[in-house]
Amino acid sequence: MKSDTRKRARERLDERLAPLKPAERFRAPPKGWVRAIRDALGMSGVQFARRLRVQPPSVAALEASEESGAIQLNTLRRAAEALDCTVVYAFVPNDSLEGAVSARARKLALRDLGRAAHTMKLEAQGTPDSSTDERLEAYIRDKLRERDLWNEP
C-alpha cells in the first residue's frame with residue numbers, strides 16, 4: 001500500500017471513530033449489556049431463553065460470561081438479535097491513528113539514536129545536545145519513509 005494511501009486510510013478511520021470517543025461512554029453496565037437490556041425491557045430469563053431457543057440455565061451462563069468478559073462475539077450477536085438489538089464492534093484508538101504512528105516512530109527513533117549516541121560517546125565522538133532534536137526529527141522522517149508509513153508534508 002502506498003504511503004499516501006495509508007495516510008488517507010488512517011485519516012478516514014480517525015474520522016469514523018471520532019464520534020465513539022471517549023470510549024468510556026460505551027462501557028458495559030456492571031452486569032453486562034444483555035442483562036441491562038433484558039431488565040429494561042421487563043423480560044424474564046425464561047422469556048429470553050425462549051427467544052434464544054435455549055434452556056433457562058443457559059441464559060444465566062450467557063449473562064455470566066458477558067459479565068466476566070468471556071462471551072464469544074457470535075453468542076453476543078445471537079443475544080442481541082433476540083433482544084431486537086445490534087452489536088456494535090469497534091476498536092477505538094486512545095489517540096488518533098496518526099498520533100499512534102508518530103508516537104511509535106518517535107519511541108523507536110529515541111531508542112535507536114540513544115544506542116548510537118552511547119557508542120559515539122564511548123568512542124569520544126559525541127555530538128552536541130543542540131542537534132539532538134534535529135537529528136531525531138530527520139531520523140523519524142527517514143524511518144517513516146523507509147517503512148512506507150506516511151508521506152512527508
# chains A, B, ... in the order shown; residues from 1 in each chain; ligands from 1

$ residues_around --residues "A:Asp14" --least-positions-apart "6" --cutoff "10 Å" --atoms "only C-alpha atoms" --output "PyMOL selection string"
chain A and resi 8+92-93+95-98

$ residues_around --residues "stretch 24-30 of chain A" --least-positions-apart "4" --cutoff "12 Å" --atoms "only C-alpha atoms" --output "ChimeraX atom specification"
/A:19-20,34-37,39,63-64,66-69,87-92,94

$ residues_around --residues "A:Leu110" --least-positions-apart "4" --cutoff "8 Å" --atoms "only C-alpha atoms" --output "PDB file with N, CA, C and O atoms, in the first residue's frame"
ATOM      1  N   ARG A 106       8.633   7.947  17.068  1.00  0.00           N
ATOM      2  CA  ARG A 106       9.480   8.723  17.984  1.00  0.00           C
ATOM      3  C   ARG A 106      10.149   7.797  19.010  1.00  0.00           C
ATOM      4  O   ARG A 106      11.326   7.934  19.294  1.00  0.00           O
ATOM      5  N   GLY A 114      19.618   6.672  20.721  1.00  0.00           N
ATOM      6  CA  GLY A 114      20.258   6.551  22.034  1.00  0.00           C
ATOM      7  C   GLY A 114      21.399   5.552  21.995  1.00  0.00           C
ATOM      8  O   GLY A 114      22.463   5.777  22.572  1.00  0.00           O
ATOM      9  N   LEU A 136      16.777  13.794  15.612  1.00  0.00           N
ATOM     10  CA  LEU A 136      15.621  12.953  15.919  1.00  0.00           C
ATOM     11  C   LEU A 136      14.543  13.107  14.853  1.00  0.00           C
ATOM     12  O   LEU A 136      14.021  12.121  14.337  1.00  0.00           O
TER      13      LEU A 136
END

$ residues_around --residues "A:Ser58" --least-positions-apart "6" --cutoff "12 Å" --atoms "only C-alpha atoms" --output "PyMOL selection string"
chain A and resi 45-46+48-50+52+64-65+75+79

$ atom_distance --atom1 "atom CA of A:Ala109" --atom2 "atom CA of A:Asp133"
10.9 Å
